[in-house]
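Have a look at the structure below, then the notes.
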Amino acid sequence: MAAQGGKPPHELPTQHEKDNLVIGIIGMGEMGKMYAERLAKGGWKRINVCDLPEKYEQLREYCKGKGLTPMRDGHLVSRESDFIMYSVEAEYLGKVVAQFGPSTKVGAIVSGQTSVKAPERLAFDTFLPQDTHIISVHSLHGPTVAPDGQALIIIQHRAPDEMVRLVERILSPLNSRYVHLSYDEHDDVTANTQAVTHAAFLSMGTAWKCMASFPWETGRYIGGIEVVKTNITLRIYAAKWHVYAGLAILNPAARIQIDQYAQSVSALFKLMIEGREDELRRRIYAARDFVFGGEGSGGPPLLLEDKVLDQFSIGEKSASADAPPNSHLALLAMVDCWHQLKINPFKHLSLAATPVFRLWIGVAEYLFRSPERLDEAIKAAIHNKGHRSDDAEFLVAARGWSQCVSYGDFEWYRHRFEDTRAFFEPRFPESRKQASALMAAFAG
């Protein structure tokens, strides 16, 4: 596993390369558009793009004045382009590569921008001609996050070093931080930094939806850590369901972690309702010591403070309102999950963490490295009944998401996601603004 440690900007392309090399993007969803627009603004003169045939006229209108050339299908893009990127949902990538791969220009570099690489590698190895190069990529952020300084994974699968350098020059307008991994390393990293993190927030959203109340309006989710929970949950549900479904269902490592997360939620909840405080404390402290090195140890914590976090609250907070005691079951289970699977989340924090993961591990650290906060959460878990029904809903939601992923059911996943999404949708405009500001404030 290797990472390029230098900060952007990277080696820049020559003017001859910008004028003559042909870039092709197959799939013009939100990420495809982000790449196309960034590359065009970066000076690349020949960029061919295509989408579904029924969206061709819409694509033509979108491309006007942007320096992009719309094409009717992936055959036309593939036969002309020197660098081809498939920006297609992971679930359908194999079918799309099977259709357009044979038309790939001799000597072209082919890349994929999917969030899970096992099916991508299979599709490329199966359907691409042998006289082409394969260098996959993955930007570890969503289309609404600026790519500047974010991790961009580059996978040298079937290509010489000089072709990798060319890909780096092509993607230099993104101003991202390159991380060089293999396909297998990529899927391990994304499972560790994305899949189980998303499962926690998806479960929180489903639990709140089942309680039929916006969490910040109940008086139980105000200030501090709750600001992160609500903002990021709504940010995830405001995105497209398939972004999270493919990453969870098609990545074997992700399935294992999501299943363990649900088991951790269940095990901790049982200790809570049975009043086994000493056993709960021992288990939580063991997880803390494994992940964070014990009380008073470890590196400098992320600078999260209640007063700062409160700036990003959704809705109005009363000046006299204090957050009631909370078990923070979602966070306790997250750290317990890492402990049970012997995962060190800090291993990938600086290497290839997403903005959401950086913030999530930041609030976990904020809770677990404070003896007072952690002790308050443990006592609340045992003695405070105000959150007990919420925790029960969260347990059911976590189990449901785990089962959905384990069965590999995309349709069930879509239904669960969109059902919860519809509940929160009226509050998306406000939450998008707050979540973006929150992550920008704590970008690392």
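Every chain in the structure tokens has a letter given in the order shown (A, B, ...), and although residue numbers restart at 1 in each chain, ligands are simply numbered from 1 in the order shown.
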
TODO: Select from range 148-309 of chain A everything DSSP, run on the backbone, classes as strand (DSSP E or B), then give the selection as a list of chain:residue names.
DONE: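 Taking range 148-309 of chain A and keeping strand (DSSP E or B) gives A:Ala151, A:Leu152, A:Ile153, A:Ile154, A:Ile155, A:Gln156, A:His157, A:Arg158, A:Arg177, A:Tyr178, A:Val179, A:His180.
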
Open item on the list: Which of range 214-269 of chain A end up as alpha helix (DSSP H) when DSSP is run on this backbone - answer as a VMD selection string?
Closed with: chain A and resid 225 to 237 241 to 249 252 to 269

Dump N, CA, C and O atoms for the selected residues as a compact mmCIF listing (two decimals), in the first residue's frame?
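Saved result, part_26.txt, follows:
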# COMPACT_ATOMS: atom_id res chain seq x y z
N ILE A 225 -22.62 16.55 20.14
CA ILE A 225 -22.54 15.37 19.28
C ILE A 225 -23.80 15.23 18.43
O ILE A 225 -23.74 14.77 17.28
N GLU A 226 -24.95 15.61 18.99
CA GLU A 226 -26.21 15.45 18.25
C GLU A 226 -26.23 16.26 16.97
O GLU A 226 -26.91 15.90 16.00
N VAL A 227 -25.49 17.37 16.94
CA VAL A 227 -25.42 18.19 15.73
C VAL A 227 -24.80 17.39 14.59
O VAL A 227 -25.26 17.42 13.44
N VAL A 228 -23.73 16.65 14.91
CA VAL A 228 -23.08 15.82 13.89
C VAL A 228 -24.02 14.71 13.44
O VAL A 228 -24.17 14.45 12.24
N LYS A 229 -24.67 14.04 14.39
CA LYS A 229 -25.57 12.93 14.04
C LYS A 229 -26.65 13.38 13.06
O LYS A 229 -26.88 12.75 12.02
N THR A 230 -27.33 14.47 13.40
CA THR A 230 -28.46 14.90 12.57
C THR A 230 -28.01 15.45 11.22
O THR A 230 -28.60 15.14 10.18
N ASN A 231 -26.97 16.27 11.22
CA ASN A 231 -26.51 16.86 9.96
C ASN A 231 -26.04 15.81 8.97
O ASN A 231 -26.40 15.86 7.78
N ILE A 232 -25.21 14.88 9.42
CA ILE A 232 -24.66 13.89 8.51
C ILE A 232 -25.72 12.88 8.09
O ILE A 232 -25.74 12.43 6.93
N THR A 233 -26.63 12.52 8.99
CA THR A 233 -27.73 11.63 8.61
C THR A 233 -28.54 12.24 7.47
O THR A 233 -28.83 11.57 6.46
N LEU A 234 -28.91 13.49 7.60
CA LEU A 234 -29.69 14.13 6.54
C LEU A 234 -28.87 14.31 5.27
O LEU A 234 -29.42 14.22 4.16
N ARG A 235 -27.58 14.55 5.41
CA ARG A 235 -26.73 14.69 4.22
C ARG A 235 -26.72 13.38 3.43
O ARG A 235 -26.80 13.38 2.20
N ILE A 236 -26.62 12.26 4.13
CA ILE A 236 -26.60 10.96 3.46
C ILE A 236 -27.94 10.68 2.78
O ILE A 236 -27.99 10.25 1.62
N TYR A 237 -29.03 10.95 3.46
CA TYR A 237 -30.35 10.68 2.87
C TYR A 237 -30.70 11.66 1.75
O TYR A 237 -31.59 11.37 0.94
N TRP A 241 -29.52 6.82 -3.42
CA TRP A 241 -29.46 5.55 -2.69
C TRP A 241 -28.40 4.62 -3.25
O TRP A 241 -27.73 3.88 -2.49
N HIS A 242 -28.23 4.61 -4.58
CA HIS A 242 -27.33 3.62 -5.18
C HIS A 242 -25.87 3.86 -4.79
O HIS A 242 -25.05 2.92 -4.86
N VAL A 243 -25.54 5.10 -4.40
CA VAL A 243 -24.17 5.38 -3.98
C VAL A 243 -23.78 4.50 -2.79
O VAL A 243 -22.67 3.97 -2.72
N TYR A 244 -24.70 4.33 -1.86
CA TYR A 244 -24.44 3.57 -0.65
C TYR A 244 -24.73 2.09 -0.83
O TYR A 244 -24.08 1.23 -0.22
N ALA A 245 -25.71 1.76 -1.67
CA ALA A 245 -26.10 0.36 -1.85
C ALA A 245 -24.98 -0.47 -2.46
O ALA A 245 -24.65 -1.55 -1.97
N GLY A 246 -24.39 0.04 -3.53
CA GLY A 246 -23.32 -0.71 -4.19
C GLY A 246 -22.13 -0.92 -3.28
O GLY A 246 -21.55 -2.01 -3.20
N LEU A 247 -21.76 0.12 -2.55
CA LEU A 247 -20.61 0.04 -1.67
C LEU A 247 -20.83 -1.01 -0.58
O LEU A 247 -19.90 -1.74 -0.20
N ALA A 248 -22.05 -1.11 -0.07
CA ALA A 248 -22.33 -2.05 1.02
C ALA A 248 -22.57 -3.46 0.51
O ALA A 248 -22.01 -4.43 1.05
N ILE A 249 -23.38 -3.61 -0.53
CA ILE A 249 -23.81 -4.94 -0.95
C ILE A 249 -22.75 -5.68 -1.76
O ILE A 249 -22.59 -6.89 -1.63
N PRO A 252 -17.53 -7.51 -0.10
CA PRO A 252 -17.60 -8.55 0.94
C PRO A 252 -17.11 -8.06 2.30
O PRO A 252 -17.68 -8.43 3.34
N ALA A 253 -16.06 -7.24 2.33
CA ALA A 253 -15.54 -6.72 3.60
C ALA A 253 -16.57 -5.83 4.28
O ALA A 253 -16.70 -5.82 5.51
N ALA A 254 -17.33 -5.08 3.48
CA ALA A 254 -18.35 -4.20 4.04
C ALA A 254 -19.47 -5.00 4.69
O ALA A 254 -19.98 -4.64 5.76
N ARG A 255 -19.85 -6.10 4.08
CA ARG A 255 -20.92 -6.93 4.65
C ARG A 255 -20.53 -7.43 6.04
O ARG A 255 -21.35 -7.43 6.96
N ILE A 256 -19.29 -7.85 6.19
CA ILE A 256 -18.83 -8.35 7.48
C ILE A 256 -18.92 -7.27 8.54
O ILE A 256 -19.38 -7.49 9.66
N GLN A 257 -18.47 -6.07 8.19
CA GLN A 257 -18.45 -4.98 9.16
C GLN A 257 -19.86 -4.50 9.52
O GLN A 257 -20.14 -4.19 10.69
N ILE A 258 -20.74 -4.42 8.54
CA ILE A 258 -22.11 -3.98 8.82
C ILE A 258 -22.82 -4.99 9.70
O ILE A 258 -23.58 -4.63 10.61
N ASP A 259 -22.57 -6.29 9.47
CA ASP A 259 -23.16 -7.32 10.32
C ASP A 259 -22.63 -7.20 11.75
O ASP A 259 -23.42 -7.30 12.71
N GLN A 260 -21.33 -6.96 11.91
CA GLN A 260 -20.77 -6.82 13.25
C GLN A 260 -21.31 -5.58 13.94
O GLN A 260 -21.53 -5.59 15.16
N TYR A 261 -21.51 -4.51 13.19
CA TYR A 261 -22.06 -3.30 13.80
C TYR A 261 -23.43 -3.59 14.40
O TYR A 261 -23.72 -3.20 15.54
N ALA A 262 -24.28 -4.30 13.66
CA ALA A 262 -25.60 -4.65 14.18
C ALA A 262 -25.47 -5.55 15.41
O ALA A 262 -26.23 -5.41 16.38
N GLN A 263 -24.51 -6.47 15.38
CA GLN A 263 -24.30 -7.33 16.55
C GLN A 263 -23.84 -6.52 17.76
O GLN A 263 -24.25 -6.80 18.89
N SER A 264 -22.98 -5.53 17.52
CA SER A 264 -22.52 -4.69 18.63
C SER A 264 -23.67 -3.88 19.22
O SER A 264 -23.79 -3.75 20.44
N VAL A 265 -24.52 -3.33 18.36
CA VAL A 265 -25.70 -2.60 18.84
C VAL A 265 -26.55 -3.51 19.71
O VAL A 265 -26.98 -3.14 20.82
N SER A 266 -26.79 -4.73 19.25
CA SER A 266 -27.63 -5.67 19.97
C SER A 266 -27.02 -6.07 21.31
O SER A 266 -27.70 -6.08 22.35
N ALA A 267 -25.72 -6.37 21.31
CA ALA A 267 -25.07 -6.82 22.54
C ALA A 267 -25.07 -5.71 23.59
O ALA A 267 -25.34 -5.97 24.78
N LEU A 268 -24.78 -4.48 23.17
CA LEU A 268 -24.75 -3.37 24.12
C LEU A 268 -26.15 -3.05 24.64
O LEU A 268 -26.34 -2.74 25.82
N PHE A 269 -27.14 -3.12 23.77
CA PHE A 269 -28.52 -2.83 24.18
C PHE A 269 -29.00 -3.85 25.21
O PHE A 269 -29.70 -3.49 26.18

Selection: 9 Å around Cys404 in chain A, only C-alpha atoms, excl. self and same-chain fewer than 6 positions, as a PDB file with all heavy atoms, in the first residue's frame:
ATOM      1  N   ILE A 249     -23.375  -3.612  -0.526  1.00  0.00           N
ATOM      2  CA  ILE A 249     -23.809  -4.940  -0.955  1.00  0.00           C
ATOM      3  C   ILE A 249     -22.747  -5.675  -1.762  1.00  0.00           C
ATOM      4  O   ILE A 249     -22.587  -6.894  -1.634  1.00  0.00           O
ATOM      5  CB  ILE A 249     -25.122  -4.815  -1.765  1.00  0.00           C
ATOM      6  CG1 ILE A 249     -26.264  -4.378  -0.837  1.00  0.00           C
ATOM      7  CG2 ILE A 249     -25.473  -6.126  -2.453  1.00  0.00           C
ATOM      8  CD1 ILE A 249     -27.573  -4.096  -1.557  1.00  0.00           C
ATOM      9  N   PHE A 410     -30.849  -5.185  -3.702  1.00  0.00           N
ATOM     10  CA  PHE A 410     -30.805  -3.769  -4.076  1.00  0.00           C
ATOM     11  C   PHE A 410     -32.182  -3.126  -3.998  1.00  0.00           C
ATOM     12  O   PHE A 410     -32.304  -1.968  -3.608  1.00  0.00           O
ATOM     13  CB  PHE A 410     -30.236  -3.598  -5.485  1.00  0.00           C
ATOM     14  CG  PHE A 410     -28.748  -3.632  -5.549  1.00  0.00           C
ATOM     15  CD1 PHE A 410     -28.068  -4.826  -5.732  1.00  0.00           C
ATOM     16  CD2 PHE A 410     -28.000  -2.472  -5.407  1.00  0.00           C
ATOM     17  CE1 PHE A 410     -26.683  -4.870  -5.787  1.00  0.00           C
ATOM     18  CE2 PHE A 410     -26.614  -2.498  -5.458  1.00  0.00           C
ATOM     19  CZ  PHE A 410     -25.958  -3.700  -5.648  1.00  0.00           C
ATOM     20  N   TRP A 412     -34.768  -3.912  -2.063  1.00  0.00           N
ATOM     21  CA  TRP A 412     -35.115  -3.707  -0.660  1.00  0.00           C
ATOM     22  C   TRP A 412     -34.333  -2.527  -0.093  1.00  0.00           C
ATOM     23  O   TRP A 412     -34.882  -1.700   0.635  1.00  0.00           O
ATOM     24  CB  TRP A 412     -34.827  -4.986   0.133  1.00  0.00           C
ATOM     25  CG  TRP A 412     -35.244  -4.941   1.584  1.00  0.00           C
ATOM     26  CD1 TRP A 412     -36.070  -4.023   2.187  1.00  0.00           C
ATOM     27  CD2 TRP A 412     -34.864  -5.856   2.610  1.00  0.00           C
ATOM     28  NE1 TRP A 412     -36.216  -4.297   3.523  1.00  0.00           N
ATOM     29  CE2 TRP A 412     -35.489  -5.426   3.816  1.00  0.00           C
ATOM     30  CE3 TRP A 412     -34.071  -6.994   2.643  1.00  0.00           C
ATOM     31  CZ2 TRP A 412     -35.311  -6.098   5.021  1.00  0.00           C
ATOM     32  CZ3 TRP A 412     -33.906  -7.669   3.844  1.00  0.00           C
ATOM     33  CH2 TRP A 412     -34.513  -7.216   5.013  1.00  0.00           C
ATOM     34  N   TYR A 413     -33.079  -2.452  -0.462  1.00  0.00           N
ATOM     35  CA  TYR A 413     -32.244  -1.330  -0.016  1.00  0.00           C
ATOM     36  C   TYR A 413     -32.837  -0.014  -0.506  1.00  0.00           C
ATOM     37  O   TYR A 413     -32.970   0.946   0.256  1.00  0.00           O
ATOM     38  CB  TYR A 413     -30.822  -1.503  -0.539  1.00  0.00           C
ATOM     39  CG  TYR A 413     -29.777  -0.620   0.107  1.00  0.00           C
ATOM     40  CD1 TYR A 413     -28.872  -1.133   1.011  1.00  0.00           C
ATOM     41  CD2 TYR A 413     -29.697   0.747  -0.179  1.00  0.00           C
ATOM     42  CE1 TYR A 413     -27.910  -0.329   1.618  1.00  0.00           C
ATOM     43  CE2 TYR A 413     -28.743   1.556   0.411  1.00  0.00           C
ATOM     44  CZ  TYR A 413     -27.847   1.010   1.305  1.00  0.00           C
ATOM     45  OH  TYR A 413     -26.900   1.805   1.895  1.00  0.00           O
ATOM     46  N   ARG A 416     -36.052   0.876   1.478  1.00  0.00           N
ATOM     47  CA  ARG A 416     -35.781   1.349   2.839  1.00  0.00           C
ATOM     48  C   ARG A 416     -35.219   2.768   2.809  1.00  0.00           C
ATOM     49  O   ARG A 416     -35.609   3.631   3.607  1.00  0.00           O
ATOM     50  CB  ARG A 416     -34.769   0.422   3.543  1.00  0.00           C
ATOM     51  CG  ARG A 416     -35.334  -0.908   3.971  1.00  0.00           C
ATOM     52  CD  ARG A 416     -34.246  -1.771   4.628  1.00  0.00           C
ATOM     53  NE  ARG A 416     -33.720  -1.156   5.837  1.00  0.00           N
ATOM     54  CZ  ARG A 416     -34.225  -1.321   7.040  1.00  0.00           C
ATOM     55  NH1 ARG A 416     -35.293  -2.091   7.211  1.00  0.00           N
ATOM     56  NH2 ARG A 416     -33.677  -0.736   8.101  1.00  0.00           N
TER      57      ARG A 416
END

Open item on the list: Using only C-alpha atoms, which protein or nucleic acid residues come within 10 Å of Gly27 in chain A? Drop anything in the same chain fewer than 6 positions from it, and give the result as number ranges by chain.
Closed with: A: 33, 49-52, 73-74, 85-89, 96, 113

Selection above as a file: all heavy atoms, as an mmCIF file, in the first residue's frame:
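again-v8.cif written:
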data_model
loop_
_atom_site.group_PDB
_atom_site.id
_atom_site.type_symbol
_atom_site.label_atom_id
_atom_site.label_comp_id
_atom_site.auth_asym_id
_atom_site.auth_seq_id
_atom_site.Cartn_x
_atom_site.Cartn_y
_atom_site.Cartn_z
ATOM 1 N N LYS A 33 -20.541 14.421 -14.082
ATOM 2 C CA LYS A 33 -20.578 15.856 -14.389
ATOM 3 C C LYS A 33 -19.496 16.617 -13.636
ATOM 4 O O LYS A 33 -18.857 17.530 -14.189
ATOM 5 C CB LYS A 33 -21.953 16.424 -14.035
ATOM 6 C CG LYS A 33 -23.063 15.969 -14.975
ATOM 7 C CD LYS A 33 -24.416 16.510 -14.528
ATOM 8 C CE LYS A 33 -25.509 16.078 -15.487
ATOM 9 N NZ LYS A 33 -26.855 16.518 -15.045
ATOM 10 N N VAL A 49 -18.568 12.916 -23.895
ATOM 11 C CA VAL A 49 -19.392 12.386 -22.808
ATOM 12 C C VAL A 49 -20.641 11.740 -23.379
ATOM 13 O O VAL A 49 -21.118 12.097 -24.454
ATOM 14 C CB VAL A 49 -19.796 13.496 -21.813
ATOM 15 C CG1 VAL A 49 -18.562 14.117 -21.174
ATOM 16 C CG2 VAL A 49 -20.646 14.567 -22.489
ATOM 17 N N CYS A 50 -21.163 10.757 -22.639
ATOM 18 C CA CYS A 50 -22.435 10.146 -23.036
ATOM 19 C C CYS A 50 -23.173 9.688 -21.802
ATOM 20 O O CYS A 50 -22.595 9.531 -20.719
ATOM 21 C CB CYS A 50 -22.218 8.970 -23.999
ATOM 22 S SG CYS A 50 -21.539 7.478 -23.210
ATOM 23 N N ASP A 51 -24.472 9.472 -21.978
ATOM 24 C CA ASP A 51 -25.326 8.978 -20.894
ATOM 25 C C ASP A 51 -26.307 7.997 -21.518
ATOM 26 O O ASP A 51 -26.102 7.527 -22.648
ATOM 27 C CB ASP A 51 -26.030 10.151 -20.205
ATOM 28 C CG ASP A 51 -26.384 9.855 -18.748
ATOM 29 O OD1 ASP A 51 -26.179 8.708 -18.315
ATOM 30 O OD2 ASP A 51 -26.867 10.750 -18.046
ATOM 31 N N LEU A 52 -27.375 7.684 -20.830
ATOM 32 C CA LEU A 52 -28.382 6.793 -21.388
ATOM 33 C C LEU A 52 -28.952 7.389 -22.668
ATOM 34 O O LEU A 52 -29.096 8.616 -22.782
ATOM 35 C CB LEU A 52 -29.505 6.582 -20.374
ATOM 36 C CG LEU A 52 -29.106 5.854 -19.072
ATOM 37 C CD1 LEU A 52 -30.249 5.913 -18.072
ATOM 38 C CD2 LEU A 52 -28.719 4.424 -19.371
ATOM 39 N N ASP A 73 -23.729 7.339 -27.584
ATOM 40 C CA ASP A 73 -23.536 6.120 -26.799
ATOM 41 C C ASP A 73 -22.066 5.902 -26.487
ATOM 42 O O ASP A 73 -21.180 6.630 -26.954
ATOM 43 C CB ASP A 73 -24.118 4.894 -27.516
ATOM 44 C CG ASP A 73 -23.499 4.646 -28.885
ATOM 45 O OD1 ASP A 73 -22.263 4.785 -29.019
ATOM 46 O OD2 ASP A 73 -24.237 4.297 -29.819
ATOM 47 N N GLY A 74 -21.802 4.877 -25.683
ATOM 48 C CA GLY A 74 -20.456 4.578 -25.248
ATOM 49 C C GLY A 74 -19.555 4.018 -26.335
ATOM 50 O O GLY A 74 -18.332 4.064 -26.204
ATOM 51 N N MET A 85 -13.350 6.979 -18.841
ATOM 52 C CA MET A 85 -13.794 6.742 -17.472
ATOM 53 C C MET A 85 -15.248 6.284 -17.473
ATOM 54 O O MET A 85 -16.122 6.949 -18.032
ATOM 55 C CB MET A 85 -13.672 8.006 -16.621
ATOM 56 C CG MET A 85 -14.250 7.845 -15.223
ATOM 57 S SD MET A 85 -14.175 9.365 -14.271
ATOM 58 C CE MET A 85 -12.407 9.458 -14.015
ATOM 59 N N TYR A 86 -15.487 5.134 -16.842
ATOM 60 C CA TYR A 86 -16.849 4.654 -16.625
ATOM 61 C C TYR A 86 -17.330 5.203 -15.287
ATOM 62 O O TYR A 86 -16.815 4.825 -14.230
ATOM 63 C CB TYR A 86 -16.890 3.130 -16.604
ATOM 64 C CG TYR A 86 -16.789 2.484 -17.973
ATOM 65 C CD1 TYR A 86 -15.551 2.268 -18.572
ATOM 66 C CD2 TYR A 86 -17.929 2.097 -18.669
ATOM 67 C CE1 TYR A 86 -15.445 1.666 -19.815
ATOM 68 C CE2 TYR A 86 -17.841 1.494 -19.922
ATOM 69 C CZ TYR A 86 -16.590 1.281 -20.483
ATOM 70 O OH TYR A 86 -16.497 0.696 -21.724
ATOM 71 N N SER A 87 -18.294 6.107 -15.326
ATOM 72 C CA SER A 87 -18.890 6.662 -14.113
ATOM 73 C C SER A 87 -20.326 6.154 -14.042
ATOM 74 O O SER A 87 -21.289 6.876 -14.296
ATOM 75 C CB SER A 87 -18.846 8.197 -14.149
ATOM 76 O OG SER A 87 -19.278 8.738 -12.930
ATOM 77 N N VAL A 88 -20.437 4.870 -13.701
ATOM 78 C CA VAL A 88 -21.697 4.136 -13.777
ATOM 79 C C VAL A 88 -21.952 3.471 -12.427
ATOM 80 O O VAL A 88 -21.012 3.098 -11.717
ATOM 81 C CB VAL A 88 -21.618 3.065 -14.892
ATOM 82 C CG1 VAL A 88 -22.898 2.242 -14.960
ATOM 83 C CG2 VAL A 88 -21.328 3.716 -16.234
ATOM 84 N N GLU A 89 -23.210 3.315 -12.061
ATOM 85 C CA GLU A 89 -23.542 2.621 -10.818
ATOM 86 C C GLU A 89 -22.903 1.236 -10.800
ATOM 87 O O GLU A 89 -22.917 0.510 -11.797
ATOM 88 C CB GLU A 89 -25.056 2.491 -10.686
ATOM 89 C CG GLU A 89 -25.787 3.819 -10.556
ATOM 90 C CD GLU A 89 -27.296 3.639 -10.561
ATOM 91 O OE1 GLU A 89 -27.761 2.586 -10.068
ATOM 92 O OE2 GLU A 89 -28.007 4.531 -11.062
ATOM 93 N N VAL A 96 -22.641 -2.568 -18.688
ATOM 94 C CA VAL A 96 -22.218 -1.438 -19.526
ATOM 95 C C VAL A 96 -20.857 -1.707 -20.158
ATOM 96 O O VAL A 96 -20.640 -1.431 -21.352
ATOM 97 C CB VAL A 96 -22.192 -0.143 -18.691
ATOM 98 C CG1 VAL A 96 -21.660 1.024 -19.524
ATOM 99 C CG2 VAL A 96 -23.584 0.183 -18.161
ATOM 100 N N GLN A 113 -15.003 4.660 -11.937
ATOM 101 C CA GLN A 113 -15.146 5.566 -10.801
ATOM 102 C C GLN A 113 -16.203 5.021 -9.844
ATOM 103 O O GLN A 113 -16.963 5.773 -9.257
ATOM 104 C CB GLN A 113 -15.527 6.963 -11.286
ATOM 105 C CG GLN A 113 -14.869 8.117 -10.528
ATOM 106 C CD GLN A 113 -15.308 8.253 -9.070
ATOM 107 O OE1 GLN A 113 -14.501 8.129 -8.154
ATOM 108 N NE2 GLN A 113 -16.595 8.514 -8.858
#

Task: Shell of 9 Å around His141 in chain A, only C-alpha atoms, local chain residues under 2 positions omitted, as a list of chain:residue names - done: A:His138, A:Ser139, A:Pro143, A:Thr144, A:Val145, A:Ala146, A:Pro147, A:Gln150, A:Ala151, A:Leu152, A:Ala353, A:Thr354, A:Pro355, A:Val356

Put those residues in a file: N, CA and C atoms, as a compact mmCIF listing (two decimals), in the first residue's frame.
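So again13.txt came out as:
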# COMPACT_ATOMS: atom_id res chain seq x y z
N HIS A 138 -10.98 6.43 -7.80
CA HIS A 138 -12.16 6.63 -6.96
C HIS A 138 -11.94 7.86 -6.09
N SER A 139 -12.75 8.87 -6.29
CA SER A 139 -12.72 10.06 -5.44
C SER A 139 -13.53 9.77 -4.18
N PRO A 143 -20.34 14.32 -4.90
CA PRO A 143 -20.26 15.37 -5.92
C PRO A 143 -20.48 16.77 -5.38
N THR A 144 -21.06 16.90 -4.19
CA THR A 144 -21.29 18.23 -3.62
C THR A 144 -20.11 18.72 -2.79
N VAL A 145 -19.10 17.86 -2.60
CA VAL A 145 -17.89 18.23 -1.87
C VAL A 145 -16.81 18.60 -2.87
N ALA A 146 -16.18 19.75 -2.71
CA ALA A 146 -15.10 20.16 -3.59
C ALA A 146 -13.97 19.14 -3.53
N PRO A 147 -13.41 18.70 -4.66
CA PRO A 147 -12.38 17.66 -4.66
C PRO A 147 -11.01 18.14 -4.17
N GLN A 150 -8.97 16.44 -1.31
CA GLN A 150 -9.59 15.18 -0.90
C GLN A 150 -8.82 14.00 -1.49
N ALA A 151 -8.99 12.82 -0.88
CA ALA A 151 -8.29 11.62 -1.34
C ALA A 151 -8.88 11.14 -2.67
N LEU A 152 -8.00 10.83 -3.60
CA LEU A 152 -8.39 10.24 -4.88
C LEU A 152 -7.54 8.98 -5.06
N ALA A 353 -9.41 8.81 4.11
CA ALA A 353 -10.68 9.01 4.79
C ALA A 353 -11.58 9.97 4.01
N THR A 354 -12.88 9.71 4.12
CA THR A 354 -13.86 10.62 3.54
C THR A 354 -14.14 11.75 4.53
N PRO A 355 -14.74 12.86 4.08
CA PRO A 355 -15.11 13.92 5.02
C PRO A 355 -16.05 13.42 6.11
N VAL A 356 -17.01 12.56 5.77
CA VAL A 356 -17.95 12.04 6.76
C VAL A 356 -17.22 11.19 7.79

Open item on the list: I need the residue nearest Val363 in chain A from this list: A:Gly224, A:Ile284, A:Ser103, A:Pro160. Use only C-alpha atoms for the distance.
Closed with: A:Gly224

Open item on the list: One number please: CA of Ala98 in chain A to CA of Thr126 in chain A, in Å, one decimal.
Closed with: 8.1 Å

TODO: Calculate how many Å separate CA of Arg358 in chain A from CA of Val405 in chain A, rounding to one decimal.
DONE: 23.7 Å

TODO: Point out the residue among A:Gly107, A:Gly112, A:Pro129, A:Pro102 with the least atom-to-atom distance to Ile25 in chain A, counting only C-alpha atoms.
DONE: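 Once distances to Ile25 in chain A are computed over only C-alpha atoms, the minimum belongs to A:Gly112.
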
TODO: Identify which of the residues A:Met71, A:Ile154, A:Val110, A:Val137 lies closest to Gln58 in chain A, counting only C-alpha atoms when measuring atom-to-atom distances.
DONE: A:Met71

Open item on the list: So that I can see what lies close to Asp336 in chain A, please list as a VMD selection string the residues with an atom at most 7 Å from it, counting only C-alpha atoms and leaving out residues fewer than 3 positions away in the same chain.
Closed with: chain A and resid 264 284 287 332 to 333 339 to 340

Written selection (C-alpha atoms) as a PDB file, in the first residue's frame:
ATOM      1  CA  SER A 264     -22.522  -4.690  18.625  1.00  0.00           C
ATOM      2  CA  ILE A 284     -16.808  -0.126  26.515  1.00  0.00           C
ATOM      3  CA  ALA A 287     -13.094  -0.971  23.097  1.00  0.00           C
ATOM      4  CA  LEU A 332     -20.600   3.061  21.536  1.00  0.00           C
ATOM      5  CA  ALA A 333     -21.470   0.343  19.005  1.00  0.00           C
ATOM      6  CA  HIS A 339     -12.700  -3.568  18.659  1.00  0.00           C
ATOM      7  CA  GLN A 340     -14.496  -6.832  17.865  1.00  0.00           C
TER       8      GLN A 340
END

- [ ] For Asp375 in chain A, work out the shell of residues within 12 Å, counting only C-alpha atoms and skipping chain neighbours fewer than 3 positions away, then give it as a list in words.
- [x] Glu277, Asp278, Leu280, Arg281, Arg282, Ile284, Tyr285, Glu295, Pro325, Asn326, Ser327, His328, Leu332, Leu367, Phe368, Arg369, Ser370, Pro371, Glu372, Ile378, Lys379, Ala380, Ala381, Ile382 and His383 of chain A

TODO: Using only C-alpha atoms, find the one residue out of A:Gly386, A:Gly362, A:Gly293, A:Gly205 that sits nearest to Ala422 in chain A.
DONE: A:Gly205

- [ ] Work out how far apart CA of Phe428 in chain A and CA of Ile26 in chain A are and give it in Å to one decimal.
- [x]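 Spanning CA of Phe428 in chain A to CA of Ile26 in chain A is a straight-line distance of 29.2 Å.
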
- [ ] Have a look at A:Ser203, A:Gln403, A:Ser111, A:Thr193 and name the one nearest to Arg158 in chain A; count only C-alpha atoms.
- [x] A:Ser111

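Here the question is which of A:Ser115, A:Thr420, A:Gln130, A:Ser78 gets nearest to Phe201 in chain A using only C-alpha atoms, and that residue is A:Thr420.
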